[in-house]
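Asker: Here you go, entry-v6.cif (mmCIF, C-alpha atoms):
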```cif
data_input
#
loop_
_atom_site.group_PDB
_atom_site.id
_atom_site.type_symbol
_atom_site.label_atom_id
_atom_site.label_comp_id
_atom_site.auth_asym_id
_atom_site.auth_seq_id
_atom_site.Cartn_x
_atom_site.Cartn_y
_atom_site.Cartn_z
ATOM 1 C CA MET A 1 77.252 108.856 93.303
ATOM 2 C CA THR A 2 80.813 110.125 93.268
ATOM 3 C CA HIS A 3 81.415 113.830 92.676
ATOM 4 C CA PRO A 4 83.013 114.510 89.234
ATOM 5 C CA HIS A 5 85.988 116.236 90.886
ATOM 6 C CA GLU A 6 86.514 113.206 93.111
ATOM 7 C CA GLN A 7 86.510 111.072 89.955
ATOM 8 C CA LEU A 8 89.341 113.240 88.556
ATOM 9 C CA ILE A 9 91.471 112.531 91.624
ATOM 10 C CA HIS A 10 90.747 108.816 91.321
ATOM 11 C CA GLN A 11 91.643 108.898 87.619
ATOM 12 C CA LEU A 12 94.918 110.691 88.342
ATOM 13 C CA TYR A 13 96.119 108.162 90.899
ATOM 14 C CA THR A 14 94.696 104.986 89.365
ATOM 15 C CA SER A 15 96.421 106.021 86.115
ATOM 16 C CA PHE A 16 99.611 106.624 88.095
ATOM 17 C CA GLN A 17 99.335 103.159 89.635
ATOM 18 C CA VAL A 18 99.365 101.523 86.178
ATOM 19 C CA LYS A 19 101.879 103.993 84.698
ATOM 20 C CA ASP A 20 99.313 105.482 82.303
ATOM 21 C CA TRP A 21 100.757 108.969 81.892
ATOM 22 C CA LYS A 22 98.209 109.855 79.209
ATOM 23 C CA GLY A 23 95.395 109.095 81.673
ATOM 24 C CA MET A 24 97.143 111.330 84.211
ATOM 25 C CA GLN A 25 97.533 114.139 81.707
ATOM 26 C CA ALA A 26 93.847 114.024 80.764
ATOM 27 C CA VAL A 27 92.725 115.363 84.156
ATOM 28 C CA TYR A 28 94.603 118.681 83.854
ATOM 29 C CA HIS A 29 93.136 121.927 82.575
ATOM 30 C CA PRO A 30 95.063 123.621 79.703
ATOM 31 C CA GLU A 31 95.932 126.423 82.159
ATOM 32 C CA ALA A 32 96.838 124.124 85.070
ATOM 33 C CA VAL A 33 99.719 124.819 87.427
ATOM 34 C CA PHE A 34 101.603 122.405 89.676
ATOM 35 C CA ASP A 35 103.944 122.875 92.597
ATOM 36 C CA ASP A 36 105.761 120.622 95.061
ATOM 37 C CA PRO A 37 109.047 120.748 97.004
ATOM 38 C CA ALA A 38 110.997 119.431 93.979
ATOM 39 C CA PHE A 39 109.096 120.822 90.978
ATOM 40 C CA ALA A 40 108.175 124.467 91.414
ATOM 41 C CA HIS A 41 105.670 126.483 89.377
ATOM 42 C CA LEU A 42 105.036 124.074 86.497
ATOM 43 C CA SER A 43 102.708 125.023 83.658
ATOM 44 C CA SER A 44 100.136 122.596 82.291
ATOM 45 C CA LYS A 45 102.518 121.334 79.604
ATOM 46 C CA GLU A 46 105.317 120.998 82.137
ATOM 47 C CA VAL A 47 103.231 119.034 84.655
ATOM 48 C CA LYS A 48 102.119 116.715 81.854
ATOM 49 C CA ALA A 49 105.752 116.258 80.825
ATOM 50 C CA MET A 50 106.734 115.676 84.483
ATOM 51 C CA TRP A 51 104.260 112.817 84.928
ATOM 52 C CA HIS A 52 105.346 111.302 81.597
ATOM 53 C CA MET A 53 109.014 111.577 82.616
ATOM 54 C CA LEU A 54 108.490 110.113 86.091
ATOM 55 C CA VAL A 55 106.372 107.213 84.873
ATOM 56 C CA ALA A 56 108.724 106.431 81.962
ATOM 57 C CA ALA A 57 111.796 106.456 84.229
ATOM 58 C CA SER A 58 110.312 104.305 86.967
ATOM 59 C CA THR A 59 111.178 100.641 87.108
ATOM 60 C CA ASP A 60 109.733 99.686 90.483
ATOM 61 C CA LEU A 61 107.187 102.417 91.236
ATOM 62 C CA LYS A 62 104.288 101.596 93.541
ATOM 63 C CA VAL A 63 101.597 104.209 94.281
ATOM 64 C CA MET A 64 98.765 104.127 96.788
ATOM 65 C CA TYR A 65 96.281 106.878 97.636
ATOM 66 C CA ASP A 66 93.427 107.428 100.060
ATOM 67 C CA HIS A 67 91.437 110.010 102.020
ATOM 68 C CA VAL A 68 90.037 111.615 98.865
ATOM 69 C CA LYS A 69 87.832 114.546 99.823
ATOM 70 C CA VAL A 70 86.124 117.119 97.609
ATOM 71 C CA ASN A 71 84.251 120.237 98.630
ATOM 72 C CA GLY A 72 82.977 122.227 95.653
ATOM 73 C CA ASP A 73 85.944 123.301 93.560
ATOM 74 C CA GLN A 74 88.534 122.109 96.093
ATOM 75 C CA GLY A 75 89.860 118.653 96.752
ATOM 76 C CA LYS A 76 92.567 116.818 98.609
ATOM 77 C CA CYS A 77 93.993 113.398 99.231
ATOM 78 C CA GLN A 78 96.950 111.585 100.711
ATOM 79 C CA TRP A 79 99.215 109.477 98.552
ATOM 80 C CA GLN A 80 102.381 107.464 98.898
ATOM 81 C CA ALA A 81 105.042 106.406 96.447
ATOM 82 C CA TRP A 82 107.654 103.684 96.771
ATOM 83 C CA TYR A 83 110.481 103.664 94.231
ATOM 84 C CA THR A 84 114.226 103.524 93.749
ATOM 85 C CA PHE A 85 115.796 106.971 93.328
ATOM 86 C CA SER A 86 117.619 106.699 89.993
ATOM 87 C CA LYS A 87 120.654 108.869 90.862
ATOM 88 C CA THR A 88 121.650 106.931 93.992
ATOM 89 C CA LYS A 89 119.769 103.624 93.612
ATOM 90 C CA ARG A 90 118.409 104.161 97.130
ATOM 91 C CA PRO A 91 114.845 103.130 98.098
ATOM 92 C CA VAL A 92 112.349 105.919 98.780
ATOM 93 C CA HIS A 93 108.944 105.806 100.491
ATOM 94 C CA ASN A 94 107.472 109.287 100.121
ATOM 95 C CA LYS A 95 104.267 110.358 101.898
ATOM 96 C CA ILE A 96 102.517 113.220 100.139
ATOM 97 C CA SER A 97 99.529 115.474 100.831
ATOM 98 C CA ALA A 98 97.868 116.729 97.660
ATOM 99 C CA SER A 99 95.489 119.640 97.271
ATOM 100 C CA PHE A 100 93.552 120.568 94.152
ATOM 101 C CA LEU A 101 91.456 123.338 92.666
ATOM 102 C CA PHE A 102 89.129 122.546 89.782
ATOM 103 C CA LYS A 103 87.883 124.592 86.826
ATOM 104 C CA ASP A 104 85.763 123.522 83.853
ATOM 105 C CA GLY A 105 85.685 119.949 85.140
ATOM 106 C CA LEU A 106 89.491 119.581 85.256
ATOM 107 C CA ILE A 107 92.362 120.197 87.684
ATOM 108 C CA ILE A 108 93.505 123.828 87.418
ATOM 109 C CA GLN A 109 95.839 123.817 90.448
ATOM 110 C CA HIS A 110 97.666 120.872 92.020
ATOM 111 C CA HIS A 111 99.955 121.287 95.022
ATOM 112 C CA ASP A 112 101.819 118.374 96.601
ATOM 113 C CA SER A 113 103.553 118.767 99.936
ATOM 114 C CA PHE A 114 105.982 116.404 101.609
ATOM 115 C CA ASN A 115 108.883 116.563 104.038
ATOM 116 C CA LEU A 116 111.913 117.307 101.855
ATOM 117 C CA TRP A 117 114.329 116.462 104.662
ATOM 118 C CA LYS A 118 112.832 112.961 105.070
ATOM 119 C CA TRP A 119 112.824 112.498 101.302
ATOM 120 C CA SER A 120 116.455 113.627 100.968
ATOM 121 C CA GLN A 121 117.532 111.240 103.758
ATOM 122 C CA MET A 122 116.028 108.319 101.841
ATOM 123 C CA ALA A 123 117.050 109.435 98.345
ATOM 124 C CA LEU A 124 120.486 110.882 99.103
ATOM 125 C CA GLY A 125 121.595 109.012 102.224
ATOM 126 C CA PRO A 126 124.088 110.681 104.598
ATOM 127 C CA VAL A 127 124.246 113.901 102.546
ATOM 128 C CA GLY A 128 120.465 114.217 102.793
ATOM 129 C CA LEU A 129 120.552 113.509 106.516
ATOM 130 C CA LEU A 130 123.117 116.250 107.097
ATOM 131 C CA LEU A 131 121.895 118.859 104.608
ATOM 132 C CA GLY A 132 118.316 117.918 103.710
ATOM 133 C CA TRP A 133 116.868 120.467 106.133
ATOM 134 C CA SER A 134 118.814 123.354 104.590
ATOM 135 C CA PRO A 135 117.551 125.880 102.040
ATOM 136 C CA TRP A 136 120.683 125.057 100.017
ATOM 137 C CA MET A 137 119.562 121.427 99.613
ATOM 138 C CA GLY A 138 116.043 122.550 98.694
ATOM 139 C CA HIS A 139 117.473 124.741 95.933
ATOM 140 C CA LYS A 140 119.767 121.911 94.798
ATOM 141 C CA VAL A 141 116.872 119.433 94.576
ATOM 142 C CA LYS A 142 114.739 121.936 92.631
ATOM 143 C CA ALA A 143 117.619 122.705 90.251
ATOM 144 C CA MET A 144 118.200 118.994 89.621
ATOM 145 C CA ALA A 145 114.478 118.355 89.053
ATOM 146 C CA ARG A 146 114.225 121.363 86.716
ATOM 147 C CA GLN A 147 117.271 120.234 84.731
ATOM 148 C CA ASN A 148 115.848 116.712 84.347
ATOM 149 C CA LEU A 149 112.456 118.074 83.244
ATOM 150 C CA ASP A 150 113.998 120.556 80.781
ATOM 151 C CA SER A 151 116.088 117.762 79.277
ATOM 152 C CA PHE A 152 113.005 115.536 78.949
ATOM 153 C CA ILE A 153 111.044 118.349 77.284
ATOM 154 C CA GLN A 154 113.900 118.978 74.818
ATOM 155 C CA LYS A 155 113.789 115.300 73.832
ATOM 156 C CA ASN A 156 109.974 115.369 73.510
ATOM 157 C CA PRO A 157 109.013 118.347 71.310
ATOM 158 C CA ASN A 158 105.265 117.889 71.907
ATOM 159 C CA TYR A 159 105.812 119.423 75.374
ATOM 160 C CA GLN A 160 107.676 122.485 74.167
ATOM 161 C CA GLU A 161 105.817 125.781 74.546
ATOM 162 C CA ASN A 162 104.711 127.442 71.327
#
```
Output the file's structure in the form of structure tokens.

Answerer:
Amino acid sequence: MTHPHEQLIHQLYTSFQVKDWKGMQAVYHPEAVFDDPAFAHLSSKEVKAMWHMLVAASTDLKVMYDHVKVNGDQGKCQWQAWYTFSKTKRPVHNKISASFLFKDGLIIQHHDSFNLWKWSQMALGPVGLLLGWSPWMGHKVKAMARQNLDSFIQKNPNYQEN
């Protein structure tokens, strides 16, 4: 029998595969936090809005995941995403390591890590190749991601903090 926390990870990524953002949102605790090289320090409402935004904007997204492992209240997996980066129309194949903490049968912490330099080379082309390694580019990517998420939240009042 599969551990309930392992089932949460499967639900997250199988929902992602079929662009079911509501199914993705259902696995997060009301006090969840999320962090990755592009989206830093997101609250539960923000991570739910992020998945909604990313799924809604994707036209050619493909997601695969594997190596799901759970040990008590911790879990991890590997996942990959193939998509066209909307700003440049360049193809991206991102390889991500995810780690999770669970509380009350839901994800309370989710951290994704990936090589920002490799991502920026694919997504941004020559600029990413030249500057993707730099802290400046990391800040630029985070600022762009934050601006896109804030704009999405403004257009979708159900994600706005009370």

Asker: Quick one: which residues end up in the PyMOL selection byres ((chain A and resi 8-11) around 8) for this structure, as a compact mmCIF listing (two decimals) with C-alpha atoms, in the frame of the given file?

Answerer:
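Contents of expr-v7.txt, as written:
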```
# COMPACT_ATOMS: atom_id res chain seq x y z
CA PRO A 4 83.01 114.51 89.23
CA HIS A 5 85.99 116.24 90.89
CA GLU A 6 86.51 113.21 93.11
CA GLN A 7 86.51 111.07 89.96
CA LEU A 12 94.92 110.69 88.34
CA TYR A 13 96.12 108.16 90.90
CA THR A 14 94.70 104.99 89.36
CA SER A 15 96.42 106.02 86.12
CA GLY A 23 95.40 109.10 81.67
CA MET A 24 97.14 111.33 84.21
CA VAL A 27 92.72 115.36 84.16
CA VAL A 68 90.04 111.62 98.86
CA LEU A 106 89.49 119.58 85.26
CA ILE A 107 92.36 120.20 87.68
```

Asker: Residues within 9 Å of Gly128 in chain A, please, as a PyMOL selection string. Count only C-alpha atoms; anything in the same chain fewer than 5 positions from it doesn't count.

Answerer: chain A and resi 117-123+133+137

Asker: Quick one: residues within 6 Å of range 108-116 of chain A, only C-alpha atoms counted, chain neighbours fewer than 3 positions away excluded, as a VMD selection string?

Answerer: chain A and resid 29 32 to 36 96 to 103 119 to 120

Asker: Using CA of Lys76 in chain A and CA of Gly105 in chain A as the two end points, give the distance in Å to one decimal.

Answerer: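 Computing it gives 15.4 Å between the two atoms.
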
Asker: Please report the interatomic distance between CA of Pro30 in chain A and CA of Lys45 in chain A in Å with one decimal.

Answerer: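 CA of Lys45 in chain A lies 7.8 Å from CA of Pro30 in chain A.
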
Asker: So, with all atoms listed in the file as the atoms that count, which of A:Leu124, A:Asn94, A:Lys48, A:Phe152 lies closest to Lys140 in chain A?

Answerer: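 Checking each of A:Leu124, A:Asn94, A:Lys48, A:Phe152 against Lys140 in chain A, counting all atoms listed in the file, the winner is A:Leu124.
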
Asker: With distances taken over all atoms listed in the file, which residue among A:Gln147, A:Gly138, A:Leu42, A:Asp66 lies nearest Gln78 in chain A?

Answerer: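 Under the stated criterion, the closest residue is A:Asp66.
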
Asker: Considering all atoms listed in the file, state which residue in the set A:Leu130, A:Ala26, A:Val92, A:Val141 is at the smallest distance from His52 in chain A.

Answerer: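 Nearest to His52 in chain A: A:Ala26.
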
Asker: Step by step: start from the point (101.4, 105.0, 93.3) in the file's coordinates, keep every protein, DNA or RNA residue that has an atom no farther than 9 Å from it, count only C-alpha atoms, and write the set as a PyMOL selection string.

Answerer: chain A and resi 13-19+61-65+79-82

Asker: Of the candidates A:Ser151, A:Lys95, A:His3, A:Lys22, which shows the shortest atom-to-atom distance to Val55 in chain A, using all atoms listed in the file?

Answerer: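 So, comparing all the options, the nearest one is A:Lys22.
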
Asker: Please indicate the distance in Å from CA of Asp60 in chain A to CA of Trp21 in chain A, rounded to one decimal place.

Answerer: 15.5 Å

Asker: For a quick check of your reading of the model, name the residues lying within 12 Å of the coordinate (108.6, 120.7, 73.2), counting only C-alpha atoms, and write them as a list in words.

Answerer: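 The residues that fall inside the cut-off are Lys45, Glu46, Lys48, Ala49, Leu149, Asp150, Ser151, Phe152, Ile153, Gln154, Lys155, Asn156, Pro157, Asn158, Tyr159, Gln160, Glu161 and Asn162 of chain A.
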
Asker: Please produce range 68-83 of chain A, completed to N, CA, C and O atoms, as a PDB file, in the coordinates of the input.

Answerer:
```
ATOM      1  N   VAL A  68      90.471 110.662  99.892  1.00  0.00           N
ATOM      2  CA  VAL A  68      90.037 111.615  98.865  1.00  0.00           C
ATOM      3  C   VAL A  68      88.824 112.371  99.394  1.00  0.00           C
ATOM      4  O   VAL A  68      87.836 111.767  99.814  1.00  0.00           O
ATOM      5  N   LYS A  69      88.934 113.696  99.368  1.00  0.00           N
ATOM      6  CA  LYS A  69      87.832 114.546  99.823  1.00  0.00           C
ATOM      7  C   LYS A  69      87.674 115.696  98.842  1.00  0.00           C
ATOM      8  O   LYS A  69      88.652 116.290  98.398  1.00  0.00           O
ATOM      9  N   VAL A  70      86.423 116.010  98.513  1.00  0.00           N
ATOM     10  CA  VAL A  70      86.124 117.119  97.609  1.00  0.00           C
ATOM     11  C   VAL A  70      85.045 117.969  98.245  1.00  0.00           C
ATOM     12  O   VAL A  70      84.077 117.454  98.807  1.00  0.00           O
ATOM     13  N   ASN A  71      85.236 119.286  98.148  1.00  0.00           N
ATOM     14  CA  ASN A  71      84.251 120.237  98.630  1.00  0.00           C
ATOM     15  C   ASN A  71      84.147 121.332  97.574  1.00  0.00           C
ATOM     16  O   ASN A  71      85.009 122.212  97.497  1.00  0.00           O
ATOM     17  N   GLY A  72      83.141 121.246  96.726  1.00  0.00           N
ATOM     18  CA  GLY A  72      82.977 122.227  95.653  1.00  0.00           C
ATOM     19  C   GLY A  72      84.117 122.146  94.667  1.00  0.00           C
ATOM     20  O   GLY A  72      84.356 121.103  94.071  1.00  0.00           O
ATOM     21  N   ASP A  73      84.837 123.248  94.515  1.00  0.00           N
ATOM     22  CA  ASP A  73      85.944 123.301  93.560  1.00  0.00           C
ATOM     23  C   ASP A  73      87.293 123.026  94.202  1.00  0.00           C
ATOM     24  O   ASP A  73      88.339 123.326  93.613  1.00  0.00           O
ATOM     25  N   GLN A  74      87.283 122.459  95.410  1.00  0.00           N
ATOM     26  CA  GLN A  74      88.534 122.109  96.093  1.00  0.00           C
ATOM     27  C   GLN A  74      88.537 120.628  96.420  1.00  0.00           C
ATOM     28  O   GLN A  74      87.497 120.039  96.673  1.00  0.00           O
ATOM     29  N   GLY A  75      89.727 120.058  96.403  1.00  0.00           N
ATOM     30  CA  GLY A  75      89.860 118.653  96.752  1.00  0.00           C
ATOM     31  C   GLY A  75      91.204 118.385  97.388  1.00  0.00           C
ATOM     32  O   GLY A  75      92.121 119.217  97.325  1.00  0.00           O
ATOM     33  N   LYS A  76      91.299 117.221  98.007  1.00  0.00           N
ATOM     34  CA  LYS A  76      92.567 116.818  98.609  1.00  0.00           C
ATOM     35  C   LYS A  76      92.599 115.311  98.748  1.00  0.00           C
ATOM     36  O   LYS A  76      91.561 114.633  98.683  1.00  0.00           O
ATOM     37  N   CYS A  77      93.799 114.800  98.929  1.00  0.00           N
ATOM     38  CA  CYS A  77      93.993 113.398  99.231  1.00  0.00           C
ATOM     39  C   CYS A  77      95.392 113.198  99.796  1.00  0.00           C
ATOM     40  O   CYS A  77      96.214 114.123  99.798  1.00  0.00           O
ATOM     41  N   GLN A  78      95.629 112.011 100.270  1.00  0.00           N
ATOM     42  CA  GLN A  78      96.950 111.585 100.711  1.00  0.00           C
ATOM     43  C   GLN A  78      97.417 110.524  99.728  1.00  0.00           C
ATOM     44  O   GLN A  78      96.615 109.705  99.282  1.00  0.00           O
ATOM     45  N   TRP A  79      98.699 110.545  99.391  1.00  0.00           N
ATOM     46  CA  TRP A  79      99.215 109.477  98.552  1.00  0.00           C
ATOM     47  C   TRP A  79     100.640 109.149  98.942  1.00  0.00           C
ATOM     48  O   TRP A  79     101.311 109.943  99.597  1.00  0.00           O
ATOM     49  N   GLN A  80     101.046 107.946  98.573  1.00  0.00           N
ATOM     50  CA  GLN A  80     102.381 107.464  98.898  1.00  0.00           C
ATOM     51  C   GLN A  80     102.999 106.858  97.655  1.00  0.00           C
ATOM     52  O   GLN A  80     102.292 106.291  96.819  1.00  0.00           O
ATOM     53  N   ALA A  81     104.307 107.002  97.565  1.00  0.00           N
ATOM     54  CA  ALA A  81     105.042 106.406  96.447  1.00  0.00           C
ATOM     55  C   ALA A  81     106.265 105.666  96.999  1.00  0.00           C
ATOM     56  O   ALA A  81     106.960 106.180  97.870  1.00  0.00           O
ATOM     57  N   TRP A  82     106.467 104.474  96.474  1.00  0.00           N
ATOM     58  CA  TRP A  82     107.654 103.684  96.771  1.00  0.00           C
ATOM     59  C   TRP A  82     108.400 103.501  95.456  1.00  0.00           C
ATOM     60  O   TRP A  82     107.797 103.090  94.455  1.00  0.00           O
ATOM     61  N   TYR A  83     109.685 103.800  95.452  1.00  0.00           N
ATOM     62  CA  TYR A  83     110.481 103.664  94.231  1.00  0.00           C
ATOM     63  C   TYR A  83     111.962 103.719  94.586  1.00  0.00           C
ATOM     64  O   TYR A  83     112.337 104.053  95.712  1.00  0.00           O
TER      65      TYR A  83
END
```
